[in-house]
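Novice: Pasting protein-v3.cif below, which is mmCIF, C-alpha atoms.
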data_entry
loop_
_atom_site.label_atom_id
_atom_site.label_comp_id
_atom_site.auth_asym_id
_atom_site.auth_seq_id
_atom_site.Cartn_x
_atom_site.Cartn_y
_atom_site.Cartn_z
CA MET A 780 15.11 8.57 -22.36
CA LYS A 781 15.75 11.98 -23.93
CA ARG A 782 15.31 15.09 -21.81
CA THR A 783 12.82 16.53 -24.33
CA THR A 784 10.65 13.41 -24.16
CA ILE A 785 10.67 13.55 -20.36
CA THR A 786 9.71 17.23 -20.39
CA TYR A 787 6.80 16.51 -22.76
CA GLY A 788 5.67 13.60 -20.58
CA LEU A 789 5.84 15.71 -17.44
CA ALA A 790 3.90 18.55 -19.09
CA ALA A 791 1.27 16.19 -20.52
CA SER A 792 0.58 14.47 -17.19
CA ALA A 793 0.44 17.84 -15.36
CA ILE A 794 -1.98 19.22 -17.98
CA VAL A 795 -4.26 16.16 -17.69
CA ILE A 796 -4.42 16.53 -13.88
CA ALA A 797 -5.00 20.30 -14.04
CA ALA A 798 -7.67 19.88 -16.75
CA ALA A 799 -9.48 17.13 -14.81
CA SER A 800 -9.46 19.21 -11.61
CA GLY A 801 -10.60 22.33 -13.47
CA LEU A 802 -13.38 20.58 -15.40
CA LEU A 803 -14.62 18.93 -12.20
CA ALA A 804 -14.64 22.26 -10.37
CA ALA A 805 -16.67 23.74 -13.25
CA ALA A 806 -19.05 20.73 -13.04
CA LEU A 807 -18.38 19.87 -16.70
CA ILE A 808 -17.36 16.26 -15.99
CA PRO A 809 -18.54 13.80 -13.30
CA LEU A 810 -16.38 12.88 -10.29
CA TRP A 811 -15.58 9.39 -11.56
CA ALA A 812 -14.24 10.78 -14.86
CA ALA A 813 -11.95 13.23 -13.05
CA GLU A 814 -10.76 10.49 -10.69
CA THR A 815 -10.04 8.13 -13.60
CA ALA A 816 -7.99 10.79 -15.39
CA ILE A 817 -6.00 11.52 -12.23
CA VAL A 818 -5.44 7.82 -11.44
CA ILE A 819 -3.91 7.43 -14.93
CA ALA A 820 -1.92 10.69 -14.96
CA PHE A 821 -0.63 10.78 -11.35
CA PRO A 822 1.77 7.79 -11.66
CA ALA A 823 3.19 9.28 -14.87
CA LEU A 824 3.61 12.65 -13.13
CA VAL A 825 5.55 11.06 -10.24
CA ILE A 826 7.91 9.13 -12.53
CA PHE A 827 8.44 11.92 -15.09
CA LEU A 828 9.07 14.43 -12.29
CA GLY A 829 11.75 12.14 -10.84
CA LEU A 830 13.31 11.52 -14.27
CA TRP A 831 13.23 15.25 -15.00
CA TRP A 832 15.29 16.32 -11.97
CA ARG A 833 17.37 13.15 -11.52
CA ALA A 834 21.16 13.06 -11.56
CA PRO A 835 22.73 12.21 -14.95
CA GLY A 836 22.04 8.56 -15.85
CA GLY A 837 24.86 6.00 -16.04
CA GLU A 838 25.48 2.99 -18.27
CA GLU A 839 23.18 -0.01 -18.09
CA ASP A 840 24.63 -2.75 -15.91
CA ILE A 841 23.98 -6.33 -14.89
CA PRO A 842 22.82 -6.80 -11.27
CA PHE A 843 24.41 -9.42 -9.06
CA ILE A 844 22.94 -12.70 -10.29
CA GLY A 845 24.72 -15.17 -8.01
CA TYR A 846 28.12 -16.83 -7.74
CA MET B 1372 -8.01 16.01 -5.88
CA ILE B 1373 -4.30 15.74 -6.53
CA GLU B 1374 -3.91 17.35 -3.08
CA TYR B 1375 -5.57 14.26 -1.50
CA LEU B 1376 -3.04 11.99 -3.20
CA VAL B 1377 -0.06 14.12 -2.19
CA PHE B 1378 -1.32 14.42 1.39
CA ALA B 1379 -2.01 10.67 1.67
CA ALA B 1380 1.42 9.75 0.27
CA VAL B 1381 3.26 12.18 2.57
CA PHE B 1382 1.22 11.26 5.67
CA GLY B 1383 1.62 7.55 4.88
CA LEU B 1384 5.40 7.99 4.63
CA LEU B 1385 5.34 9.92 7.90
CA LEU B 1386 3.50 6.99 9.52
CA LEU B 1387 6.12 4.58 8.16
CA GLY B 1388 8.84 6.82 9.64
CA LEU B 1389 7.00 6.76 12.97
CA HIS B 1390 6.78 2.96 12.63
CA ARG B 1391 10.58 2.74 12.38
CA LYS B 1392 11.03 5.20 15.25
CA VAL B 1393 8.70 3.28 17.62
CA ILE B 1394 10.35 -0.05 16.79
CA ALA B 1395 13.77 1.49 17.46
CA ARG B 1396 12.76 3.03 20.80
CA VAL B 1397 11.17 -0.23 22.00
CA GLN B 1398 14.45 -1.96 21.11
CA MET B 1399 16.45 0.72 23.04
CA ARG B 1400 17.90 2.28 19.86
CA PRO B 1401 17.66 5.97 18.92
CA GLY B 1402 16.22 5.16 15.48
CA PRO B 1403 15.92 7.44 12.44
CA PRO B 1404 13.99 10.73 12.49
CA VAL B 1405 10.25 10.38 11.91
CA TRP B 1406 10.47 12.08 8.50
CA GLN B 1407 13.20 9.68 7.30
CA GLU B 1408 10.91 7.89 4.80
CA ILE B 1409 9.96 11.21 3.19
CA LEU B 1410 13.67 12.07 2.88
CA HIS B 1411 14.26 8.62 1.36
CA ALA B 1412 11.62 9.23 -1.29
CA LEU B 1413 13.15 12.61 -2.18
CA LYS B 1414 16.69 11.21 -2.13
CA PHE B 1415 15.81 8.35 -4.49
CA SER B 1416 14.06 10.69 -6.90
CA PHE B 1417 17.33 12.65 -7.36
CA LYS B 1418 19.52 9.60 -8.00
CA SER B 1419 20.91 8.33 -11.30
CA THR B 1420 18.37 6.04 -12.88
CA TRP B 1421 18.40 3.45 -15.65
CA VAL B 1422 17.00 0.02 -16.42
CA PRO B 1423 19.32 -2.96 -15.74
CA LYS B 1424 20.43 -5.01 -18.75
CA THR B 1425 18.86 -8.15 -17.31
CA ALA B 1426 15.45 -6.53 -16.78
CA SER B 1427 12.28 -6.80 -18.80
CA ALA B 1428 12.07 -3.04 -19.38
CA THR B 1429 8.30 -2.83 -19.93
CA LEU B 1430 7.41 -4.81 -16.82
CA TYR B 1431 10.21 -3.21 -14.78
CA VAL B 1432 8.84 0.31 -15.36
CA GLY B 1433 5.18 -0.67 -15.80
CA VAL B 1434 4.74 -2.17 -12.33
CA VAL B 1435 5.80 1.13 -10.73
CA LEU B 1436 3.12 3.00 -12.69
CA VAL B 1437 0.50 0.31 -11.99
CA GLY B 1438 1.39 0.27 -8.28
CA ILE B 1439 0.92 4.04 -7.89
CA GLY B 1440 -2.24 3.89 -10.02
CA ILE B 1441 -4.00 1.15 -8.04
CA TRP B 1442 -3.37 2.77 -4.64
CA SER B 1443 -4.48 6.16 -6.01
CA ALA B 1444 -7.70 4.45 -7.10
CA ALA B 1445 -7.98 2.77 -3.69
CA LEU B 1446 -7.72 6.15 -1.95
CA PHE B 1447 -10.56 7.57 -4.07
CA VAL B 1448 -12.68 4.45 -3.36
CA VAL B 1449 -12.22 4.86 0.39
CA LEU B 1450 -12.81 8.63 0.40
CA ALA B 1451 -15.98 8.23 -1.69
CA GLY B 1452 -17.36 5.52 0.63
CA GLU B 1453 -17.61 3.03 -2.23
CA SER B 1454 -17.66 -0.79 -2.05
CA ILE B 1455 -14.99 -2.47 0.07
CA LEU B 1456 -15.05 -5.24 -2.52
CA ILE B 1457 -13.36 -2.82 -4.96
CA LEU B 1458 -10.88 -1.83 -2.25
CA PHE B 1459 -9.92 -5.42 -1.57
CA ALA B 1460 -9.77 -6.25 -5.28
CA ILE B 1461 -7.17 -3.49 -5.51
CA TYR B 1462 -5.42 -5.00 -2.51
CA MET B 1463 -5.21 -8.29 -4.40
CA LEU B 1464 -3.81 -6.47 -7.44
CA HIS B 1465 -0.97 -5.28 -5.22
CA LYS B 1466 0.08 -8.92 -4.93
CA VAL B 1467 0.48 -9.00 -8.72
CA VAL B 1468 2.49 -5.78 -8.55
CA GLU B 1469 4.83 -7.23 -5.90
CA HIS B 1470 5.30 -10.33 -8.02
CA GLY B 1471 5.97 -8.16 -11.10
CA PHE B 1472 8.56 -6.13 -9.20
CA GLY B 1473 10.34 -9.30 -8.16
CA LEU B 1474 10.40 -11.03 -11.53
CA SER B 1475 11.06 -8.04 -13.81
CA SER B 1476 14.64 -7.17 -12.80
CA GLY B 1477 16.41 -10.48 -13.39
CA SER B 1478 17.97 -10.36 -9.93
CA PRO B 1479 17.63 -13.55 -7.81
CA TYR B 1480 16.94 -11.46 -4.69
CA GLY B 1481 14.00 -9.75 -6.36
CA LYS B 1482 12.85 -13.07 -7.77
CA PHE B 1483 12.81 -14.74 -4.36
CA GLY B 1484 10.90 -11.72 -2.99
CA GLY B 1485 8.35 -12.13 -5.78
CA VAL B 1486 8.00 -15.87 -5.13
CA ARG B 1487 7.55 -15.23 -1.40
CA SER B 1488 4.88 -12.69 -2.28
CA VAL B 1489 2.96 -15.47 -4.04
CA ILE B 1490 3.30 -18.03 -1.24
CA SER B 1491 2.22 -15.43 1.32
CA ALA B 1492 -1.12 -15.07 -0.46
CA ALA B 1493 -2.49 -16.88 2.61
CA SER B 1494 -2.37 -13.50 4.35
CA GLU B 1495 -5.08 -12.20 2.02
CA ILE B 1496 -7.65 -14.90 2.78
CA PRO B 1497 -8.71 -13.40 6.15
CA LEU B 1498 -9.71 -10.35 4.09
CA PHE B 1499 -12.46 -12.32 2.36
CA VAL B 1500 -13.69 -13.60 5.71
CA THR B 1501 -13.66 -10.00 7.00
CA ILE B 1502 -15.80 -8.93 4.04
CA ALA B 1503 -18.19 -11.87 4.49
CA ALA B 1504 -18.59 -11.28 8.24
CA ILE B 1505 -19.26 -7.56 7.77
CA TYR B 1506 -21.83 -8.36 5.07
CA LEU B 1507 -23.70 -10.66 7.48
CA PHE B 1508 -24.35 -7.64 9.69
CA THR B 1509 -24.84 -4.81 7.19
CA GLU B 1510 -26.15 -6.65 4.10
CA SER B 1511 -24.17 -4.12 2.08
CA LEU B 1512 -20.54 -3.74 1.14
CA LEU B 1513 -20.65 0.01 0.56
CA LEU B 1514 -18.31 1.73 3.00
CA SER B 1515 -20.90 4.50 3.42
CA ASP B 1516 -23.54 1.89 4.47
CA ILE B 1517 -21.08 0.22 6.84
CA THR B 1518 -20.28 3.51 8.60
CA ALA B 1519 -24.03 4.32 8.74
CA TYR B 1520 -24.65 0.90 10.38
CA GLN B 1521 -22.00 1.66 12.99
CA ALA B 1522 -23.55 5.06 13.70
CA VAL B 1523 -26.68 3.21 14.85
CA HIS B 1524 -25.31 -0.03 16.36
CA GLY B 1525 -21.84 1.00 17.56
CA PRO B 1526 -18.37 0.27 16.16
CA PHE B 1527 -17.61 -3.13 14.63
CA LEU B 1528 -14.53 -3.22 16.86
CA LEU B 1529 -16.96 -3.99 19.72
CA ILE B 1530 -19.65 -5.85 17.74
CA ALA B 1531 -17.29 -8.34 16.05
CA PRO B 1532 -13.77 -8.09 17.53
CA PRO B 1533 -12.39 -11.21 15.75
CA VAL B 1534 -13.12 -9.57 12.38
CA ALA B 1535 -11.19 -6.47 13.44
CA ILE B 1536 -8.31 -8.66 14.62
CA ALA B 1537 -8.23 -10.43 11.23
CA MET B 1538 -8.02 -7.10 9.38
CA TYR B 1539 -5.40 -5.93 11.89
CA LEU B 1540 -3.28 -8.98 11.03
CA VAL B 1541 -3.72 -8.32 7.32
CA ILE B 1542 -2.32 -4.80 7.81
CA LEU B 1543 0.46 -6.23 10.00
CA SER B 1544 1.45 -8.59 7.19
CA LYS B 1545 1.85 -5.60 4.84
CA LEU B 1546 4.01 -3.51 7.18
CA PRO B 1547 7.81 -3.64 6.98
CA TYR B 1548 9.85 -5.19 9.84
CA GLY B 1549 6.91 -7.30 11.02
CA PRO B 1550 6.68 -11.03 11.74
CA PHE B 1551 5.07 -11.68 8.33
CA SER B 1552 7.28 -9.31 6.26
CA ILE B 1553 8.94 -12.18 4.42
CA VAL B 1554 8.74 -10.51 0.99
CA GLU B 1555 11.37 -7.91 1.85
CA SER B 1556 13.35 -9.61 4.60
CA LYS B 1557 17.03 -8.80 4.98
CA GLU B 1558 18.39 -12.15 3.77
CA LEU B 1559 16.98 -11.08 0.38
CA VAL B 1560 18.58 -7.59 0.66
CA SER B 1561 15.29 -5.71 0.08
CA GLY B 1562 13.29 -8.59 -1.41
CA TYR B 1563 11.18 -7.69 -4.43
CA LYS B 1564 12.39 -4.06 -4.25
CA THR B 1565 16.10 -4.91 -4.44
CA GLU B 1566 16.83 -3.95 -8.06
CA HIS B 1567 14.44 -1.00 -8.31
CA PHE B 1568 16.66 2.00 -7.58
CA GLY B 1569 16.64 5.75 -8.19
CA VAL B 1570 13.36 7.15 -9.52
CA TRP B 1571 11.78 3.67 -9.58
CA ARG B 1572 12.44 3.30 -5.83
CA ALA B 1573 11.00 6.79 -5.24
CA GLY B 1574 7.87 5.47 -6.99
CA ILE B 1575 7.84 2.50 -4.62
CA SER B 1576 8.01 4.95 -1.69
CA VAL B 1577 4.91 6.73 -3.04
CA ILE B 1578 3.18 3.31 -3.35
CA ASP B 1579 4.12 2.44 0.26
CA GLY B 1580 2.91 5.81 1.56
CA LEU B 1581 -0.45 5.55 -0.24
CA LYS B 1582 -0.88 1.88 0.76
CA THR B 1583 -0.22 2.57 4.45
CA PHE B 1584 -2.63 5.52 4.46
CA VAL B 1585 -5.41 3.66 2.63
CA LEU B 1586 -5.24 0.48 4.74
CA LEU B 1587 -5.22 2.34 8.06
CA PHE B 1588 -7.96 4.75 6.93
CA ALA B 1589 -10.07 1.78 5.79
CA PHE B 1590 -9.49 0.05 9.15
CA VAL B 1591 -10.73 3.11 11.05
CA ALA B 1592 -13.77 3.50 8.77
CA LEU B 1593 -14.64 -0.23 8.88
CA PHE B 1594 -14.23 -0.85 12.59
CA ILE B 1595 -14.69 2.50 14.33
CA GLY B 1596 -17.01 4.29 11.93
CA ALA B 1597 -17.36 7.79 10.53
CA VAL B 1598 -15.28 10.26 12.54
CA PRO B 1599 -13.98 13.75 11.68
CA PHE B 1600 -10.95 13.65 9.40
CA TRP B 1601 -8.53 14.89 12.09
CA ALA B 1602 -9.83 12.20 14.48
CA ALA B 1603 -9.33 9.57 11.77
CA LEU B 1604 -5.69 10.68 11.43
CA VAL B 1605 -5.20 10.40 15.22
CA LEU B 1606 -6.83 6.94 15.31
CA MET B 1607 -4.74 5.78 12.34
CA THR B 1608 -1.60 6.89 14.19
CA ILE B 1609 -2.69 5.00 17.34
CA VAL B 1610 -3.38 1.82 15.33
CA LEU B 1611 -0.01 2.14 13.62
CA VAL B 1612 1.87 2.61 16.92
CA SER B 1613 0.21 -0.55 18.28
CA LEU B 1614 1.31 -2.41 15.14
CA SER B 1615 4.84 -1.05 15.60
CA PHE B 1616 4.93 -2.50 19.14
CA VAL B 1617 3.95 -5.90 17.73
CA CYS B 1618 6.70 -5.64 15.09
CA ALA B 1619 9.27 -4.53 17.68
CA VAL B 1620 8.78 -7.48 20.01
CA SER B 1621 8.22 -10.29 17.52
CA PRO B 1622 10.89 -11.92 15.34
CA MET B 1623 10.41 -12.31 11.60
CA LEU B 1624 9.05 -15.76 10.92
CA SER B 1625 10.48 -18.12 8.35
CA PRO B 1626 8.40 -18.13 5.14
CA PHE B 1627 6.71 -21.46 5.85
CA ASP B 1628 5.96 -20.61 9.50
CA SER B 1629 4.52 -17.30 8.33
CA VAL B 1630 2.21 -19.03 5.86
CA THR B 1631 1.24 -21.69 8.42
CA ILE B 1632 0.23 -19.09 11.03
CA GLN B 1633 -1.69 -17.05 8.46
CA GLY B 1634 -3.44 -20.25 7.37
CA LEU B 1635 -4.39 -21.02 10.99
CA ILE B 1636 -5.77 -17.49 11.41
CA THR B 1637 -7.81 -18.00 8.27
CA GLY B 1638 -9.19 -21.27 9.67
CA VAL B 1639 -10.23 -19.57 12.92
CA MET B 1640 -11.84 -16.71 10.98
CA LEU B 1641 -13.75 -19.13 8.76
CA ALA B 1642 -15.07 -20.88 11.88
CA TYR B 1643 -16.11 -17.50 13.32
CA ALA B 1644 -17.84 -16.48 10.07
CA GLY B 1645 -19.61 -19.86 10.03
CA TYR B 1646 -20.72 -19.32 13.62
CA LEU B 1647 -22.05 -15.85 12.75
CA TRP B 1648 -23.91 -17.23 9.73
CA TRP B 1649 -25.44 -19.93 11.99
CA VAL B 1650 -26.61 -17.60 14.77
CA MET B 1651 -27.63 -14.56 12.70
CA PRO B 1652 -31.37 -14.30 12.05
#
Could you show the structure in this file as structure tokens?
Specialist:
Amino acid sequence: MKRTTITYGLAASAIVIAAASGLLAAALIPLWAAETAIVIAFPALVIFLGLWWRAPGGEEDIPFIGY
Amino acid sequence: MIEYLVFAAVFGLLLLGLHRKVIARVQMRPGPPVWQEILHALKFSFKSTWVPKTASATLYVGVVLVGIGIWSAALFVVLAGESILILFAIYMLHKVVEHGFGLSSGSPYGKFGGVRSVISAASEIPLFVTIAAIYLFTESLLLSDITAYQAVHGPFLLIAPPVAIAMYLVILSKLPYGPFSIVESKELVSGYKTEHFGVWRAGISVIDGLKTFVLLFAFVALFIGAVPFWAALVLMTIVLVSLSFVCAVSPMLSPFDSVTIQGLITGVMLAYAGYLWWVMP
């Protein structure tokens, strides 16, 4: 995956979480709506964050599939 | 609310590190530091990452996202005092996630882990009996109602100890290095996790941290009742240490023995639930 795509994904998931938290704090959305947004965005944030600061990726390979 | 998720994942990983430490000390080994699982998660997130050629890319990546998502949802359900039926539905979804992990990579080790995950579904059946038995007392499955019931009548740990034991065994079957941990036993390298490396494995660490936190927190709420948050953390740690002792002194069972014992436990629990249904007014 391209670095730019990963950066956009990371930014988008962070913005969704920040927006949900902010809107909930301002009482503009109900709790369940904020929780739903965070449940969807948090996994993406974890994975994109890891992909963003990972070591350079290698070639695809074939795992050990038996003798 | 993101702070709840981060705290739960980190505290859950800390508990898993403590689990390894207690097992090691019981077995007269020094063991890793308590924060080892947190370091593992960070280490994996910095590693080179790609998707193996033999993998089904969508499923391979998708199960990591689904796994983190379902346990995030489970944490919110528990914190909000919602229905334990939703919580245990999420628990059942984790079985699908384990199976997906195992089958997506194309590795035979992962595949066997996934297959073992399916045959160990017997470990989930005591959960249904737990839910049924609790409902017989409270006539509600809302966690908030269950804790309110315990505030009046005392903890379920004393009212219905067999139900607590059943839930305890369910948590035991989900912990690593335990007698029922057949899905990631060492003859399968790491079982269903074997071919998920780098960032994907860091995601699995987050899943494990959240899962451990949610299950122990739910156990405290279901069987001890509403306590201050700091007290819940202390009680969760005590429950985990007791589970670690069980893991340290019991060998891992073979897959069929594991399923047989879990089936027997289910039979005993069904008999107990039937007895409760018979004697309850």
Novice: Can you pull out the residues contacting stretch 787-790 of chain A? Cut-off 10 Å, using only C-alpha atoms, and skip same-chain residues under 5 positions away; I want them as an MDAnalysis selection string.
Specialist: chainID A and resid 782 795 820 823:831
Novice: How would you write, as a ChimeraX atom specification, the residues chosen by the PyMOL selection byres ((chain B) within 9 of (chain A)) on this structure?
Specialist: /B:1372-1373,1376,1413,1415-1426,1435-1444,1447,1476-1480,1566,1569-1571,1573-1574,1577
Novice: Here's the selection I'm unsure about, the PyMOL selection byres ((chain B and resi 1481) around 10); applied to the file above, which residues does it give, as a CSV table (one decimal) with C-alpha atoms, keeping the file's coordinate frame?
Specialist:
chain,number,residue,atom,x,y,z
B,1469,GLU,CA,4.8,-7.2,-5.9
B,1470,HIS,CA,5.3,-10.3,-8.0
B,1471,GLY,CA,6.0,-8.2,-11.1
B,1472,PHE,CA,8.6,-6.1,-9.2
B,1473,GLY,CA,10.3,-9.3,-8.2
B,1474,LEU,CA,10.4,-11.0,-11.5
B,1475,SER,CA,11.1,-8.0,-13.8
B,1476,SER,CA,14.6,-7.2,-12.8
B,1477,GLY,CA,16.4,-10.5,-13.4
B,1478,SER,CA,18.0,-10.4,-9.9
B,1479,PRO,CA,17.6,-13.6,-7.8
B,1480,TYR,CA,16.9,-11.5,-4.7
B,1482,LYS,CA,12.8,-13.1,-7.8
B,1483,PHE,CA,12.8,-14.7,-4.4
B,1484,GLY,CA,10.9,-11.7,-3.0
B,1485,GLY,CA,8.4,-12.1,-5.8
B,1486,VAL,CA,8.0,-15.9,-5.1
B,1487,ARG,CA,7.6,-15.2,-1.4
B,1554,VAL,CA,8.7,-10.5,1.0
B,1555,GLU,CA,11.4,-7.9,1.8
B,1559,LEU,CA,17.0,-11.1,0.4
B,1560,VAL,CA,18.6,-7.6,0.7
B,1561,SER,CA,15.3,-5.7,0.1
B,1562,GLY,CA,13.3,-8.6,-1.4
B,1563,TYR,CA,11.2,-7.7,-4.4
B,1564,LYS,CA,12.4,-4.1,-4.2
B,1565,THR,CA,16.1,-4.9,-4.4
B,1566,GLU,CA,16.8,-4.0,-8.1
B,1567,HIS,CA,14.4,-1.0,-8.3
Novice: Might you spell out which residues the PyMOL selection byres ((chain B and resi 1461) around 12) would select in the displayed file, as a VMD selection string?
Specialist: chain B and resid 1437 to 1449 1454 to 1460 1462 to 1468 1495 1582 1585 to 1586
Novice: How far is it from atom CA of B:Thr1583 to atom CA of B:Gly1383, in Å with one decimal?
Specialist: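 Atom CA of B:Gly1383 lies 5.3 Å from atom CA of B:Thr1583.
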Novice: Skipping near chain neighbours, those fewer than 5 positions away, what residues fall within 9 Å of B:Thr1509 using only C-alpha atoms, listed as a PyMOL selection string?
Specialist: chain B and resi 1516-1517+1520
Novice: Can you measure atom CA of B:Ser1625 to atom CA of B:Phe1590 for me? One decimal in Å is fine.
Specialist: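 These two atoms are separated by 27.0 Å.
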Novice: Pick the closest to B:Leu1513 from B:Leu1546, B:Leu1528, B:Leu1593, B:Val1489: which is it, counting all atoms listed in the file?
Specialist: B:Leu1593
Novice: I'd like the interatomic distance between atom CA of B:Tyr1431 and atom CA of B:Arg1572, to a tenth of an Å.
Specialist: 11.3 Å
Novice: Which residues are near B:Ala1603? Cut-off 10 Å, only C-alpha atoms, ignore same chain within fewer than 6 positions. Put them as number ranges by chain.
Specialist: B: 1587-1592, 1595-1597, 1609
Novice: Please provide as a VMD selection string all residues within 8 Å of B:Ala1644, with the sequence filter that same-chain residues fewer than 4 positions apart are discarded (counting all atoms listed in the file).
Specialist: chain B and resid 1500 1503 to 1504 1640 1648
Novice: Around the point (2.9, 1.7, 12.6), in the coordinates given by the file, pick out the residues reaching within 7 Å, counting all atoms listed in the file, and return them as a list in words.
Specialist: Leu1386, Leu1387, Leu1389, His1390, Val1610, Leu1611, Val1612, Ser1613, Leu1614 and Ser1615 of chain B
